[in-house]
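**Student:** Let me begin by handing over the structure; questions about it come next.
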Amino acid sequence: MKITKVAVIGAGSMGRGIAQVSAQAGYQVALYDMNREALKQAFANIENMLGKAIERKKITEQQKADTLKRILTPASLKEACEDAQLIVEAVFENLEIKKKMFSELDSLASDNAILATNTSSLPITAIAAATKKPSRVIGIHFMNPVPLMKGVEVIPGLATSPDVTNAAMQFVESLGKIPAKAVDYPGFIASRILDVMLNEAVYAVMDGNDPADVDKAMKVCLNFPMGPLELIDLAGLDILLNVMETMQKELGDKYKPAPLLTKMVRAGYLGRKTGRGFFEYK
Ligand SMILES: NC(=O)c1ccc[n+]([C@@H]2O[C@H](COP(=O)([O-])OP(=O)(O)OC[C@H]3O[C@@H](n4cnc5c(N)ncnc54)[C@H](O)[C@@H]3O)[C@@H](O)[C@H]2O)c1
C-alpha cells in the first residue's frame, strides 16, 4: 500500500519533528494533540526549524512554504486518522495511555493502515495486543531532535507482519533516514545502551562532580559531540526516568534510576522544556 498521508498523534518534542520530516519528504501530514496549545507551539517550532534550515541553505523559502502547507492540525483524533495509511503515535511514555490510544486508533484507522509507536522503551508486543489486529502494529523509534538525527530504530512486535516491517523500513528511508532493525526488548538497542550511561552520569553528579565537569570530561576525553547531562536536559529528565523504570521492571536492578534523577523529576526540573535540569535555560 502506498503511503500518502501520515497522521502524527502527540505534538511534543518528538511528534512535531516527525510531522516536519514527513511533510518535508512530501507526505500529507495530520498532526494531532489533545492539547491545542501544544499544537500551536509545535507549529511555531516547525516554522522556526525550517527558518534555520533556510539560513543553513539546506532548503529554500518555497520548500518551507510547501512543507508548512502539507501539515494540517485537525481538531479531532478521528479526523486526523481519516485516510491515513500510516499513523505514528508520540504521546506520553506510559503503557496504559499507549494501550488506550492504540485501542482507539484501531477503531478509527482504515483497515490497512499501519499503526506505529515512537515509544523509547515500552514493549511493542504489549501495545499491539491492545488492538484487534496486532499484525499491523510496529515500533518506529525516531531519535531526538528528529530533523537532525539520521538513524531510526524499527521494532517489529511478536505478531507484526513482515510486510508491515518492510513498509516501515521503506518509510524511514523515504525520509532520508537510515532504519536499524531491533528486537522487541525493553530499551531496544540504542536506549538500552545509551540510557545506562546517562544514568551513570547522574550518579557522577550525586558523587559530587559538577555537571559541567561531567559533560566536559566526556566531550574532551571521549570525543562525545555533546555532554551526557546536556543530552538528558534535551531529551527530558522525565523521559529518561520512564525508560529506566521500564527497563528496571523488565530487566532487573542493573537499570535502577539514580535517586537524584527521581528527585529532580519530582521537583519539576525536567530539562530544557521547563527551563531547568542539570543546567539552567533562559
Ligand atoms: N524526548 C525524547 O528524546 C524521545 C526520544 C525518542 C522517543 N521518545 C518517545 O516519544 C514519545 C513522545 O515523547 P516527547 O518527548 O515528544 O513527549 P512530550 O511530553 O514532549 O509530548 C507528548 C505530547 O503528547 C500529547 N498527548 C498526551 N496524551 C495524548 C492523547 N491521549 N492524545 C493526544 N495527545 C496526547 C501531549 O499533550 C504532549 O503534547 C514518548 O513515547 C517518548 O518516550 C522521546
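If you're wondering about the labels, chains in the C-alpha cells are A, B, ... by order shown, residues count from 1 in each chain, ligands from 1 in order shown.
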Which residues, written as an mmCIF file with N, CA and C atoms, in the first residue's frame, have at least one atom at most 12 Å from Asn94 in chain A, with only C-alpha atoms counted and residues fewer than 2 positions away on the same chain left out?
**Tutor:**
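Listed below is the output, selection11.cif:
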```
data_model
loop_
_atom_site.group_PDB
_atom_site.id
_atom_site.type_symbol
_atom_site.label_atom_id
_atom_site.label_comp_id
_atom_site.auth_asym_id
_atom_site.auth_seq_id
_atom_site.Cartn_x
_atom_site.Cartn_y
_atom_site.Cartn_z
ATOM 1 N N ALA A 90 3.025 9.483 19.231
ATOM 2 C CA ALA A 90 4.138 10.023 20.038
ATOM 3 C C ALA A 90 3.556 10.738 21.257
ATOM 4 N N VAL A 91 2.684 10.040 22.001
ATOM 5 C CA VAL A 91 2.105 10.645 23.216
ATOM 6 C C VAL A 91 2.986 10.263 24.411
ATOM 7 N N PHE A 92 2.480 10.512 25.628
ATOM 8 C CA PHE A 92 3.314 10.282 26.809
ATOM 9 C C PHE A 92 3.791 8.825 26.906
ATOM 10 N N GLU A 96 -0.218 2.301 29.875
ATOM 11 C CA GLU A 96 -1.686 2.332 29.906
ATOM 12 C C GLU A 96 -2.223 3.361 28.920
ATOM 13 N N ILE A 97 -1.568 4.555 28.880
ATOM 14 C CA ILE A 97 -2.011 5.606 27.943
ATOM 15 C C ILE A 97 -1.855 5.109 26.503
ATOM 16 N N LYS A 98 -0.739 4.438 26.232
ATOM 17 C CA LYS A 98 -0.491 3.988 24.851
ATOM 18 C C LYS A 98 -1.471 2.873 24.463
ATOM 19 N N LYS A 99 -1.767 1.972 25.404
ATOM 20 C CA LYS A 99 -2.698 0.881 25.084
ATOM 21 C C LYS A 99 -4.082 1.458 24.765
ATOM 22 N N LYS A 100 -4.499 2.443 25.560
ATOM 23 C CA LYS A 100 -5.808 3.071 25.330
ATOM 24 C C LYS A 100 -5.810 3.761 23.960
ATOM 25 N N MET A 101 -4.719 4.453 23.686
ATOM 26 C CA MET A 101 -4.606 5.165 22.404
ATOM 27 C C MET A 101 -4.669 4.170 21.239
ATOM 28 N N THR A 117 4.298 3.115 16.876
ATOM 29 C CA THR A 117 4.543 3.863 18.108
ATOM 30 C C THR A 117 5.992 4.327 18.146
ATOM 31 N N ASN A 118 6.183 5.529 18.698
ATOM 32 C CA ASN A 118 7.544 6.071 18.815
ATOM 33 C C ASN A 118 8.114 5.801 20.210
ATOM 34 N N THR A 119 7.505 4.868 20.941
ATOM 35 C CA THR A 119 7.975 4.608 22.309
ATOM 36 C C THR A 119 9.488 4.379 22.375
ATOM 37 N N SER A 120 10.112 4.845 23.476
ATOM 38 C CA SER A 120 11.555 4.642 23.639
ATOM 39 C C SER A 120 11.842 3.306 24.300
ATOM 40 N N SER A 121 10.845 2.721 24.974
ATOM 41 C CA SER A 121 11.194 1.568 25.801
ATOM 42 C C SER A 121 10.065 0.572 26.027
ATOM 43 N N LEU A 122 8.826 0.980 25.767
ATOM 44 C CA LEU A 122 7.712 0.088 26.130
ATOM 45 C C LEU A 122 7.587 -1.053 25.130
ATOM 46 N N PRO A 123 7.104 -2.231 25.592
ATOM 47 C CA PRO A 123 7.033 -3.376 24.677
ATOM 48 C C PRO A 123 6.015 -3.173 23.555
ATOM 49 N N ALA A 126 3.109 -5.620 23.687
ATOM 50 C CA ALA A 126 2.020 -5.313 24.639
ATOM 51 C C ALA A 126 1.114 -4.214 24.079
ATOM 52 N N ILE A 127 1.712 -3.227 23.402
ATOM 53 C CA ILE A 127 0.893 -2.148 22.811
ATOM 54 C C ILE A 127 0.023 -2.740 21.698
ATOM 55 N N ASP A 238 12.266 13.436 32.734
ATOM 56 C CA ASP A 238 11.123 12.533 32.925
ATOM 57 C C ASP A 238 11.155 11.378 31.930
ATOM 58 N N ILE A 239 11.616 11.694 30.711
ATOM 59 C CA ILE A 239 11.681 10.652 29.670
ATOM 60 C C ILE A 239 12.716 9.600 30.078
ATOM 61 N N LEU A 241 13.796 8.950 33.086
ATOM 62 C CA LEU A 241 13.315 8.219 34.272
ATOM 63 C C LEU A 241 12.322 7.123 33.869
ATOM 64 N N ASN A 242 11.407 7.477 32.955
ATOM 65 C CA ASN A 242 10.419 6.492 32.490
ATOM 66 C C ASN A 242 11.093 5.274 31.877
ATOM 67 N N VAL A 243 12.102 5.540 31.033
ATOM 68 C CA VAL A 243 12.768 4.428 30.349
ATOM 69 C C VAL A 243 13.510 3.566 31.373
ATOM 70 N N GLU A 245 12.860 3.168 34.523
ATOM 71 C CA GLU A 245 11.902 2.409 35.339
ATOM 72 C C GLU A 245 11.363 1.198 34.575
ATOM 73 N N THR A 246 11.074 1.413 33.289
ATOM 74 C CA THR A 246 10.578 0.283 32.482
ATOM 75 C C THR A 246 11.646 -0.801 32.400
#
```
**Student:** Could you give me the residues within range 15-224 of chain A that DSSP places in helix (DSSP H, G or I), as a ChimeraX atom specification?
**Tutor:** /A:15-24,36-55,61-70,77-81,95-108,124-128,134-136,162-174,190-206,211-222
**Student:** Using only C-alpha atoms and all ligand atoms, find the one residue out of A:Glu104, A:Glu280, A:Glu173, A:Asp210 that sits nearest to ligand 1.
**Tutor:** A:Glu104
**Student:** With 6 Å as the cut-off and only C-alpha atoms and all ligand atoms counted, what is the closest atom pair between each nearby residue of chain A and ligand 1? Distances in Å to one decimal, ordered by chain and number, as a Markdown table.
**Tutor:**
```
| residue | atom | partner | partner_atom_place_in_ligand_line | distance |
| --- | --- | --- | --- | --- |
| A:Ile9 | CA | ligand 1 | 33 (C) | 5.7 |
| A:Gly10 | CA | ligand 1 | 24 (O) | 3.6 |
| A:Ala11 | CA | ligand 1 | 39 (O) | 4.7 |
| A:Gly12 | CA | ligand 1 | 21 (O) | 3.2 |
| A:Ser13 | CA | ligand 1 | 16 (O) | 3.8 |
| A:Met14 | CA | ligand 1 | 16 (O) | 3.7 |
| A:Gly15 | CA | ligand 1 | 16 (O) | 5.5 |
| A:Asp33 | CA | ligand 1 | 34 (N) | 3.8 |
| A:Met34 | CA | ligand 1 | 33 (C) | 4.0 |
| A:Asn35 | CA | ligand 1 | 37 (O) | 4.8 |
| A:Ala38 | CA | ligand 1 | 39 (O) | 5.1 |
| A:Ala90 | CA | ligand 1 | 11 (C) | 4.1 |
| A:Val91 | CA | ligand 1 | 24 (O) | 3.5 |
| A:Phe92 | CA | ligand 1 | 22 (C) | 4.8 |
| A:Glu93 | CA | ligand 1 | 41 (O) | 3.9 |
| A:Asn118 | CA | ligand 1 | 10 (O) | 4.9 |
| A:Thr119 | CA | ligand 1 | 41 (O) | 3.7 |
| A:Ser120 | CA | ligand 1 | 43 (O) | 4.3 |
| A:His141 | CA | ligand 1 | 7 (C) | 5.9 |
| A:Phe142 | CA | ligand 1 | 6 (C) | 5.5 |
| A:Met143 | CA | ligand 1 | 6 (C) | 4.9 |
| A:Asn144 | CA | ligand 1 | 3 (O) | 4.7 |
| A:Ala235 | CA | ligand 1 | 3 (O) | 3.6 |
| A:Gly236 | CA | ligand 1 | 1 (N) | 5.9 |
| A:Ile239 | CA | ligand 1 | 43 (O) | 5.8 |
```
**Student:** Fewer than 4 positions away in the same chain doesn't count, so skip those; otherwise give me all residues within 8 Å of Ala182 in chain A, counting only C-alpha atoms, as a PDB file with C-alpha atoms, in the first residue's frame.
**Tutor:**
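Here's the written file part.pdb:
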```pdb
ATOM      1  CA  GLU A 153      15.047   2.015  15.068  1.00  0.00           C
ATOM      2  CA  VAL A 154      12.333  -0.181  13.554  1.00  0.00           C
ATOM      3  CA  ILE A 155      10.955  -2.722  16.025  1.00  0.00           C
ATOM      4  CA  PRO A 156       8.503  -5.419  14.965  1.00  0.00           C
ATOM      5  CA  PHE A 188      15.534  -1.910  22.154  1.00  0.00           C
ATOM      6  CA  ILE A 189      19.202  -1.306  21.244  1.00  0.00           C
TER       7      ILE A 189
END
```
**Student:** Which is closest to Met197 in chain A among A:Leu148, A:Ala84, A:Pro211, A:Pro257, if we use only C-alpha atoms?
**Tutor:** A:Pro257
**Student:** With only C-alpha atoms as the counted atoms, please give the residues lying no more than 10 Å from Asp195 in chain A, apart from itself and same-chain residues fewer than 3 positions off, as JSON, numbers by chain.
**Tutor:** {"A": [187, 190, 191, 192, 198, 199, 200, 201, 228, 232, 240, 241, 243, 244, 247, 255, 257]}
**Student:** DSSP on the backbone: what in range 15-235 of chain A comes out strand (DSSP E), as number ranges by chain?
**Tutor:** A: 28-32, 71-72, 86-89, 114-117, 137-142, 151-156, 178-181
**Student:** Which one of A:Asp253, A:Cys81, A:Gly139, A:Thr131 sits closest to Ala109 in chain A if you count only C-alpha atoms?
**Tutor:**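 Distance minimum relative to Ala109 in chain A lands on A:Cys81.
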**Student:** Near Leu158 in chain A, counting only C-alpha atoms, which residues have an atom at most 8 Å away, once you skip same-chain residues fewer than 2 positions from it, shown as a PyMOL selection string?
**Tutor:** chain A and resi 125+156+160+184
**Student:** May I have the residues within 10 Å of Gly26 in chain A as a list in words, using only C-alpha atoms and disregarding those fewer than 6 positions away in the same chain?
**Tutor:**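 After dropping sequence-adjacent residues, the list is Thr4, Lys5, Asp66, Thr67, Arg70, Ser174 and Leu175 of chain A.
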**Student:** Do you have the CA of Tyr269 in chain A-CA of Val88 in chain A distance handy?
**Tutor:**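 Computed distance, CA of Tyr269 in chain A to CA of Val88 in chain A, equals 28.0 Å.
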